[in-house]
$ cat work31.cif   # mmCIF, C-alpha atoms
data_start
#
loop_
_atom_site.group_PDB
_atom_site.id
_atom_site.type_symbol
_atom_site.label_atom_id
_atom_site.label_comp_id
_atom_site.auth_asym_id
_atom_site.auth_seq_id
_atom_site.Cartn_x
_atom_site.Cartn_y
_atom_site.Cartn_z
ATOM 1 C CA MET A 1 53.137 65.338 -24.375
ATOM 2 C CA PRO A 2 54.599 62.427 -26.422
ATOM 3 C CA ARG A 3 54.965 59.166 -24.554
ATOM 4 C CA HIS A 4 58.573 58.154 -24.019
ATOM 5 C CA ILE A 5 60.815 56.152 -21.724
ATOM 6 C CA ILE A 6 63.816 57.241 -19.674
ATOM 7 C CA ALA A 7 67.081 55.359 -20.110
ATOM 8 C CA VAL A 8 69.246 55.578 -16.993
ATOM 9 C CA THR A 9 73.039 55.475 -17.366
ATOM 10 C CA SER A 10 76.087 56.652 -15.445
ATOM 11 C CA LEU A 11 78.650 56.926 -18.254
ATOM 12 C CA ALA A 12 78.632 59.560 -20.972
ATOM 13 C CA ARG A 13 79.425 56.896 -23.576
ATOM 14 C CA GLU A 14 76.447 54.805 -22.440
ATOM 15 C CA ALA A 15 74.233 57.877 -22.718
ATOM 16 C CA VAL A 16 75.203 58.479 -26.347
ATOM 17 C CA ILE A 17 74.422 54.857 -27.221
ATOM 18 C CA ALA A 18 71.104 54.919 -25.346
ATOM 19 C CA ARG A 19 69.673 57.969 -27.107
ATOM 20 C CA GLY A 20 67.090 57.557 -29.823
ATOM 21 C CA ASN A 21 63.506 58.214 -30.756
ATOM 22 C CA GLY A 22 61.056 57.634 -27.940
ATOM 23 C CA VAL A 23 63.880 57.823 -25.392
ATOM 24 C CA SER A 24 65.209 60.503 -23.074
ATOM 25 C CA VAL A 25 68.400 59.848 -21.126
ATOM 26 C CA VAL A 26 69.410 60.530 -17.541
ATOM 27 C CA CYS A 27 73.173 60.185 -17.097
ATOM 28 C CA SER A 28 74.349 60.657 -13.524
ATOM 29 C CA GLN A 29 76.530 59.027 -10.884
ATOM 30 C CA SER A 30 74.739 56.963 -8.245
ATOM 31 C CA CYS A 31 75.062 59.583 -5.497
ATOM 32 C CA ARG A 32 73.194 62.148 -7.626
ATOM 33 C CA LEU A 33 71.117 59.798 -9.738
ATOM 34 C CA GLY A 34 67.989 59.818 -7.588
ATOM 35 C CA ALA A 35 67.584 63.590 -7.765
ATOM 36 C CA ALA A 36 68.382 63.656 -11.488
ATOM 37 C CA LEU A 37 65.839 60.952 -12.282
ATOM 38 C CA HIS A 38 63.149 62.545 -10.143
ATOM 39 C CA GLY A 39 63.744 65.792 -12.012
ATOM 40 C CA ALA A 40 63.289 64.061 -15.373
ATOM 41 C CA LEU A 41 59.889 62.555 -14.573
ATOM 42 C CA SER A 42 56.977 64.038 -16.474
ATOM 43 C CA PRO A 43 53.425 62.994 -17.474
ATOM 44 C CA GLY A 44 54.772 61.585 -20.758
ATOM 45 C CA VAL A 45 57.143 59.090 -19.118
ATOM 46 C CA CYS A 46 55.768 55.564 -19.611
ATOM 47 C CA GLY A 47 58.807 53.500 -18.643
ATOM 48 C CA ILE A 48 62.261 53.564 -17.070
ATOM 49 C CA ILE A 49 65.100 51.312 -18.210
ATOM 50 C CA SER A 50 68.518 50.861 -16.609
ATOM 51 C CA PHE A 51 70.978 50.534 -19.475
ATOM 52 C CA GLY A 52 74.749 50.186 -19.722
ATOM 53 C CA ILE A 53 77.565 48.076 -18.323
ATOM 54 C CA SER A 54 77.704 45.929 -15.199
ATOM 55 C CA GLY A 55 80.053 43.735 -13.230
ATOM 56 C CA GLY A 56 79.769 39.977 -13.466
ATOM 57 C CA LEU A 57 78.952 37.912 -10.388
ATOM 58 C CA HIS A 58 78.142 34.600 -12.051
ATOM 59 C CA PRO A 59 81.412 32.785 -12.849
ATOM 60 C CA GLY A 60 80.287 31.959 -16.384
ATOM 61 C CA LEU A 61 79.735 35.521 -17.569
ATOM 62 C CA VAL A 62 82.435 37.396 -19.498
ATOM 63 C CA ALA A 63 82.862 40.841 -21.027
ATOM 64 C CA GLY A 64 80.280 41.416 -23.773
ATOM 65 C CA ASP A 65 77.573 39.110 -22.361
ATOM 66 C CA TRP A 66 74.069 40.571 -22.039
ATOM 67 C CA VAL A 67 71.997 40.257 -18.880
ATOM 68 C CA VAL A 68 68.298 41.142 -18.841
ATOM 69 C CA ALA A 69 67.060 41.550 -15.283
ATOM 70 C CA SER A 70 64.063 39.555 -14.074
ATOM 71 C CA ALA A 71 64.354 41.485 -10.799
ATOM 72 C CA VAL A 72 66.742 43.837 -9.008
ATOM 73 C CA ARG A 73 67.946 43.028 -5.496
ATOM 74 C CA HIS A 74 69.285 45.619 -3.071
ATOM 75 C CA GLY A 75 69.739 44.583 0.517
ATOM 76 C CA ASP A 76 66.505 42.921 1.627
ATOM 77 C CA ARG A 77 64.442 44.556 -1.109
ATOM 78 C CA VAL A 78 63.518 42.988 -4.444
ATOM 79 C CA PHE A 79 62.147 45.069 -7.325
ATOM 80 C CA ALA A 80 60.456 43.087 -10.083
ATOM 81 C CA THR A 81 60.851 44.209 -13.684
ATOM 82 C CA ASP A 82 57.925 44.545 -16.075
ATOM 83 C CA LEU A 83 57.298 41.033 -17.407
ATOM 84 C CA LYS A 84 56.199 41.866 -20.944
ATOM 85 C CA TRP A 85 58.949 44.419 -21.518
ATOM 86 C CA THR A 86 61.591 42.106 -20.034
ATOM 87 C CA GLN A 87 60.545 39.212 -22.266
ATOM 88 C CA GLU A 88 60.744 41.419 -25.338
ATOM 89 C CA LEU A 89 64.227 42.626 -24.376
ATOM 90 C CA ALA A 90 65.440 39.054 -23.924
ATOM 91 C CA LYS A 91 63.925 38.100 -27.277
ATOM 92 C CA ARG A 92 65.712 40.915 -29.109
ATOM 93 C CA LEU A 93 69.118 40.213 -27.521
ATOM 94 C CA PRO A 94 70.330 36.767 -28.683
ATOM 95 C CA GLY A 95 72.208 34.907 -25.975
ATOM 96 C CA ALA A 96 71.067 37.250 -23.208
ATOM 97 C CA ILE A 97 70.831 35.780 -19.713
ATOM 98 C CA LEU A 98 67.488 36.400 -17.999
ATOM 99 C CA ALA A 99 68.157 36.490 -14.248
ATOM 100 C CA GLU A 100 68.159 38.613 -11.121
ATOM 101 C CA VAL A 101 70.758 41.363 -10.788
ATOM 102 C CA ALA A 102 72.025 43.242 -7.756
ATOM 103 C CA GLY A 103 72.269 46.931 -7.068
ATOM 104 C CA SER A 104 75.124 48.386 -5.045
ATOM 105 C CA ASP A 105 76.097 51.790 -3.703
ATOM 106 C CA VAL A 106 79.788 50.893 -3.852
ATOM 107 C CA LEU A 107 82.032 49.468 -6.563
ATOM 108 C CA LEU A 108 82.952 45.804 -6.142
ATOM 109 C CA ALA A 109 86.556 45.647 -7.307
ATOM 110 C CA THR A 110 87.780 42.211 -6.221
ATOM 111 C CA PRO A 111 86.866 38.602 -7.041
ATOM 112 C CA VAL A 112 86.417 37.921 -3.314
ATOM 113 C CA ALA A 113 83.797 40.657 -2.932
ATOM 114 C CA LYS A 114 81.963 39.526 -6.060
ATOM 115 C CA ALA A 115 82.007 35.857 -4.997
ATOM 116 C CA HIS A 116 80.600 36.741 -1.583
ATOM 117 C CA LEU A 117 77.709 38.686 -3.065
ATOM 118 C CA TYR A 118 76.969 35.944 -5.591
ATOM 119 C CA LYS A 119 76.919 33.344 -2.817
ATOM 120 C CA THR A 120 74.728 35.359 -0.458
ATOM 121 C CA MET A 121 72.373 36.974 -2.965
ATOM 122 C CA GLY A 122 72.369 34.756 -6.049
ATOM 123 C CA ALA A 123 72.293 37.662 -8.491
ATOM 124 C CA VAL A 124 74.336 37.168 -11.675
ATOM 125 C CA ALA A 125 75.478 40.768 -12.227
ATOM 126 C CA ILE A 126 75.789 44.045 -10.368
ATOM 127 C CA ASP A 127 75.607 47.741 -11.156
ATOM 128 C CA MET A 128 75.148 51.007 -9.292
ATOM 129 C CA GLU A 129 72.079 52.410 -11.051
ATOM 130 C CA SER A 130 69.430 49.694 -11.413
ATOM 131 C CA HIS A 131 68.292 49.639 -7.777
ATOM 132 C CA ILE A 132 67.906 53.418 -7.671
ATOM 133 C CA SER A 133 65.973 53.437 -10.943
ATOM 134 C CA ALA A 134 63.812 50.493 -9.867
ATOM 135 C CA GLU A 135 62.871 52.090 -6.561
ATOM 136 C CA ILE A 136 61.851 55.365 -8.181
ATOM 137 C CA ALA A 137 59.865 53.528 -10.857
ATOM 138 C CA ALA A 138 58.070 51.497 -8.182
ATOM 139 C CA THR A 139 57.307 54.613 -6.133
ATOM 140 C CA HIS A 140 55.662 56.309 -9.106
ATOM 141 C CA GLY A 141 54.014 53.211 -10.586
ATOM 142 C CA ILE A 142 56.110 53.378 -13.771
ATOM 143 C CA PRO A 143 57.058 50.168 -15.650
ATOM 144 C CA PHE A 144 60.715 49.303 -15.170
ATOM 145 C CA ALA A 145 63.273 47.174 -17.017
ATOM 146 C CA SER A 146 67.014 46.651 -16.917
ATOM 147 C CA CYS A 147 69.413 45.325 -19.545
ATOM 148 C CA ARG A 148 73.139 45.410 -19.020
ATOM 149 C CA VAL A 149 76.373 44.210 -20.643
ATOM 150 C CA ILE A 150 79.084 42.606 -18.542
ATOM 151 C CA ILE A 151 82.352 44.547 -18.525
ATOM 152 C CA ASP A 152 84.360 42.887 -15.744
ATOM 153 C CA SER A 153 83.908 39.180 -15.041
ATOM 154 C CA ALA A 154 83.632 37.691 -11.560
ATOM 155 C CA TYR A 155 87.343 36.802 -11.718
ATOM 156 C CA ARG A 156 88.580 40.249 -12.723
ATOM 157 C CA THR A 157 90.240 42.619 -10.259
ATOM 158 C CA LEU A 158 89.535 46.255 -11.041
ATOM 159 C CA PRO A 159 92.693 48.381 -10.701
ATOM 160 C CA PRO A 160 92.646 51.516 -8.492
ATOM 161 C CA ALA A 161 92.673 53.773 -11.568
ATOM 162 C CA THR A 162 89.176 52.614 -12.530
ATOM 163 C CA THR A 163 87.731 54.188 -9.387
ATOM 164 C CA GLN A 164 89.145 57.551 -10.521
ATOM 165 C CA ALA A 165 88.498 57.122 -14.227
ATOM 166 C CA LEU A 166 85.353 59.251 -14.502
ATOM 167 C CA ASP A 167 84.719 62.952 -14.130
ATOM 168 C CA SER A 168 81.472 64.374 -12.761
ATOM 169 C CA ASN A 169 79.828 64.120 -16.192
ATOM 170 C CA GLY A 170 80.561 60.410 -16.597
ATOM 171 C CA ALA A 171 83.334 60.908 -19.173
ATOM 172 C CA VAL A 172 86.836 59.418 -18.909
ATOM 173 C CA ASP A 173 89.200 61.589 -16.853
ATOM 174 C CA VAL A 174 92.453 60.784 -18.645
ATOM 175 C CA LEU A 175 94.580 62.912 -16.315
ATOM 176 C CA ALA A 176 93.232 61.174 -13.210
ATOM 177 C CA VAL A 177 93.924 57.755 -14.732
ATOM 178 C CA THR A 178 97.435 58.817 -15.712
ATOM 179 C CA ARG A 179 98.191 60.121 -12.217
ATOM 180 C CA SER A 180 96.957 56.864 -10.683
ATOM 181 C CA VAL A 181 99.186 54.785 -12.966
ATOM 182 C CA ILE A 182 102.228 56.950 -12.190
ATOM 183 C CA GLN A 183 101.584 56.538 -8.462
ATOM 184 C CA ARG A 184 100.946 52.790 -8.718
ATOM 185 C CA PRO A 185 102.528 51.441 -11.924
ATOM 186 C CA CYS A 186 101.989 47.825 -10.820
ATOM 187 C CA GLN A 187 98.309 48.177 -11.770
ATOM 188 C CA LEU A 188 99.109 48.695 -15.460
ATOM 189 C CA PRO A 189 98.568 45.028 -16.536
ATOM 190 C CA ASP A 190 95.132 44.977 -14.866
ATOM 191 C CA LEU A 191 94.307 48.335 -16.445
ATOM 192 C CA ILE A 192 95.205 47.056 -19.913
ATOM 193 C CA ARG A 193 92.962 44.017 -19.382
ATOM 194 C CA ALA A 194 90.195 46.354 -18.212
ATOM 195 C CA ALA A 195 90.586 48.396 -21.409
ATOM 196 C CA PHE A 196 90.155 45.271 -23.554
ATOM 197 C CA ASP A 197 87.094 44.279 -21.512
ATOM 198 C CA ALA A 198 85.691 47.769 -22.078
ATOM 199 C CA TYR A 199 86.195 47.360 -25.820
ATOM 200 C CA PHE A 200 84.191 44.116 -25.931
ATOM 201 C CA ALA A 201 81.501 45.483 -23.635
ATOM 202 C CA GLU A 202 81.009 48.676 -25.631
ATOM 203 C CA ARG A 203 80.890 46.804 -28.926
ATOM 204 C CA ALA A 204 78.151 44.534 -27.530
ATOM 205 C CA LEU A 205 76.309 47.540 -26.114
ATOM 206 C CA ARG A 206 76.205 49.291 -29.501
ATOM 207 C CA LYS A 207 75.066 46.187 -31.366
ATOM 208 C CA GLY A 208 72.405 45.407 -28.792
ATOM 209 C CA ARG A 209 71.082 48.956 -28.784
ATOM 210 C CA LYS A 210 70.534 48.797 -32.539
ATOM 211 C CA ARG A 211 68.536 45.607 -32.085
ATOM 212 C CA LEU A 212 66.306 47.261 -29.490
ATOM 213 C CA GLY A 213 65.351 50.174 -31.739
ATOM 214 C CA PRO A 214 63.070 53.110 -30.858
ATOM 215 C CA GLY A 215 61.762 53.080 -27.312
ATOM 216 C CA PHE A 216 63.902 50.084 -26.290
ATOM 217 C CA VAL A 217 61.110 47.770 -27.551
ATOM 218 C CA SER A 218 58.916 49.062 -24.753
ATOM 219 C CA PRO A 219 55.288 47.916 -25.153
ATOM 220 C CA PHE A 220 54.293 51.300 -23.749
ATOM 221 C CA VAL A 221 55.774 53.338 -26.616
ATOM 222 C CA LYS A 222 53.853 53.167 -29.874
ATOM 223 C CA GLU A 223 55.571 51.325 -32.714
ATOM 224 C CA CYS A 224 54.810 54.236 -35.023
ATOM 225 C CA VAL A 225 57.891 56.003 -33.641
ATOM 226 C CA ALA A 226 59.942 56.794 -36.737
ATOM 227 C CA GLN A 227 62.370 53.961 -37.474
ATOM 228 C CA ARG A 228 64.175 56.034 -40.080
ATOM 229 C CA GLU A 229 65.056 58.771 -37.600
ATOM 230 C CA PHE A 230 66.370 56.221 -35.098
ATOM 231 C CA ALA A 231 68.523 54.516 -37.746
ATOM 232 C CA SER A 232 69.930 57.870 -38.848
ATOM 233 C CA HIS A 233 70.799 58.718 -35.256
ATOM 234 C CA GLN A 234 72.620 55.415 -34.750
ATOM 235 C CA LYS A 235 74.819 55.923 -37.822
ATOM 236 C CA GLY A 236 76.224 59.094 -36.285
ATOM 237 C CA ILE A 237 77.080 57.639 -32.902
ATOM 238 C CA SER A 238 80.627 56.470 -33.621
ATOM 239 C CA SER A 239 81.889 59.841 -34.840
ATOM 240 C CA GLU A 240 80.094 61.612 -32.010
ATOM 241 C CA PHE A 241 81.921 59.405 -29.484
ATOM 242 C CA LEU A 242 85.303 60.283 -30.898
ATOM 243 C CA ARG A 243 84.495 63.978 -31.045
ATOM 244 C CA LEU A 244 83.022 64.379 -27.553
ATOM 245 C CA MET A 245 84.570 61.690 -25.374
ATOM 246 C CA PRO A 246 88.109 60.384 -26.034
ATOM 247 C CA PRO A 247 88.012 56.691 -25.062
ATOM 248 C CA ILE A 248 90.555 54.546 -23.236
ATOM 249 C CA CYS A 249 90.662 52.365 -26.354
ATOM 250 C CA GLU A 250 89.260 52.920 -29.808
ATOM 251 C CA THR A 251 86.255 50.919 -30.952
ATOM 252 C CA PRO A 252 85.307 50.194 -34.552
#

$ encode --input "work31.cif" --output "structure tokens"
Amino acid sequence: MPRHIIAVTSLAREAVIARGNGVSVVCSQSCRLGAALHGALSPGVCGIISFGISGGLHPGLVAGDWVVASAVRHGDRVFATDLKWTQELAKRLPGAILAEVAGSDVLLATPVAKAHLYKTMGAVAIDMESHISAEIAATHGIPFASCRVIIDSAYRTLPPATTQALDSNGAVDVLAVTRSVIQRPCQLPDLIRAAFDAYFAERALRKGRKRLGPGFVSPFVKECVAQREFASHQKGISSEFLRLMPPICETP
């Protein structure tokens, strides 16, 4: 069986970006992610990477900034990332911050909640998949890495509609968002700001993914993976997005 890595995401749009030669993708919400990732493990899996967007905890991070995890914190547990793989990720992503990130089972929607976690834990960013992926990788002795793009800064308040924005497949549920706005129209300014943040984050995610190439620069996937096939796949991503998953805001 060919050696490959698993890219772990929770959004359908992240999953499309993550795909490529030497990579299989698990896209699932945090409550079902563990089972989905366990089911994807096979003898050919030589690495797991948590990939996608994250919330900012460090006050200096803004939408579009890259964070490469040196470790993942969840409660009292700390999961180290693979050193060689992590260094290569940071090298390929200019301006990326190399630091610890936090995993959470709940969405942090307010600046107060983010500030508290930053003060108590010291992690610079937070997401809901990295800690689950890291624990499973550690259990099975599989190298693990995490690279994420900030979507909401530490100062941003996430409007209520964002908690209802996704369907069970990780795609935008436009009807649910619309209903939320009708019920609470005062959230519209925050929702518009969130849409702009999403635009910058997704643009950075696409550019960064191209830099990482086949196998997410994993030292455990042979470099002979076909570059031409990966490049061809990337060229088709934009049209595939528009066809399969209507976004909140268009991206170039």

$ closest_residue --input "work31.cif" --among "A:Gly208, A:Gly20, A:Pro159, A:Pro59" --to "A:Arg193" --atoms "only C-alpha atoms"
A:Pro159

$ closest_residue --input "work31.cif" --among "A:Pro160, A:Gly60, A:Gly34, A:Gly141" --to "A:Ala176" --atoms "only C-alpha atoms"
A:Pro160

$ resolve_selection --input "work31.cif" --expression "the PyMOL selection byres ((chain A and resi 149) around 10)" --output "PDB file with C-alpha atoms, in the frame of the given file"
ATOM      1  CA  PHE A  51      70.978  50.534 -19.475  1.00  0.00           C
ATOM      2  CA  GLY A  52      74.749  50.186 -19.722  1.00  0.00           C
ATOM      3  CA  ILE A  53      77.565  48.076 -18.323  1.00  0.00           C
ATOM      4  CA  SER A  54      77.704  45.929 -15.199  1.00  0.00           C
ATOM      5  CA  GLY A  55      80.053  43.735 -13.230  1.00  0.00           C
ATOM      6  CA  GLY A  56      79.769  39.977 -13.466  1.00  0.00           C
ATOM      7  CA  LEU A  61      79.735  35.521 -17.569  1.00  0.00           C
ATOM      8  CA  VAL A  62      82.435  37.396 -19.498  1.00  0.00           C
ATOM      9  CA  ALA A  63      82.862  40.841 -21.027  1.00  0.00           C
ATOM     10  CA  GLY A  64      80.280  41.416 -23.773  1.00  0.00           C
ATOM     11  CA  ASP A  65      77.573  39.110 -22.361  1.00  0.00           C
ATOM     12  CA  TRP A  66      74.069  40.571 -22.039  1.00  0.00           C
ATOM     13  CA  VAL A  67      71.997  40.257 -18.880  1.00  0.00           C
ATOM     14  CA  VAL A  68      68.298  41.142 -18.841  1.00  0.00           C
ATOM     15  CA  ALA A  96      71.067  37.250 -23.208  1.00  0.00           C
ATOM     16  CA  ALA A 125      75.478  40.768 -12.227  1.00  0.00           C
ATOM     17  CA  CYS A 147      69.413  45.325 -19.545  1.00  0.00           C
ATOM     18  CA  ARG A 148      73.139  45.410 -19.020  1.00  0.00           C
ATOM     19  CA  ILE A 150      79.084  42.606 -18.542  1.00  0.00           C
ATOM     20  CA  ILE A 151      82.352  44.547 -18.525  1.00  0.00           C
ATOM     21  CA  ASP A 152      84.360  42.887 -15.744  1.00  0.00           C
ATOM     22  CA  PHE A 200      84.191  44.116 -25.931  1.00  0.00           C
ATOM     23  CA  ALA A 201      81.501  45.483 -23.635  1.00  0.00           C
ATOM     24  CA  GLU A 202      81.009  48.676 -25.631  1.00  0.00           C
ATOM     25  CA  ARG A 203      80.890  46.804 -28.926  1.00  0.00           C
ATOM     26  CA  ALA A 204      78.151  44.534 -27.530  1.00  0.00           C
ATOM     27  CA  LEU A 205      76.309  47.540 -26.114  1.00  0.00           C
ATOM     28  CA  GLY A 208      72.405  45.407 -28.792  1.00  0.00           C
TER      29      GLY A 208
END

$ resolve_selection --input "work31.cif" --expression "the PyMOL selection byres ((chain A and resi 3) around 12)" --output "PyMOL selection string"
chain A and resi 1-2+4-6+21-24+41-48+214-215+218-225

$ closest_residue --input "work31.cif" --among "A:Pro94, A:Lys207, A:Thr120, A:Gly75" --to "A:Ile17" --atoms "only C-alpha atoms"
A:Lys207

$ atom_distance --input "work31.cif" --atom1 "atom CA of A:Ile182" --atom2 "atom CA of A:Thr162"
13.8 Å

$ closest_residue --input "work31.cif" --among "A:Ser180, A:Thr139, A:Thr163, A:Ser153" --to "A:Ala198" --atoms "only C-alpha atoms"
A:Ser153

$ residues_around --input "work31.cif" --residues "A:Lys114" --least-positions-apart "2" --cutoff "9 Å" --atoms "only C-alpha atoms" --output "list in words"
Gly55, Gly56, Leu57, His58, Leu108, Ala109, Thr110, Pro111, Val112, His116, Leu117, Tyr118, Lys119, Ile126, Ala154 and Tyr155 of chain A

$ atom_distance --input "work31.cif" --atom1 "atom CA of A:Pro143" --atom2 "atom CA of A:Val25"
15.9 Å
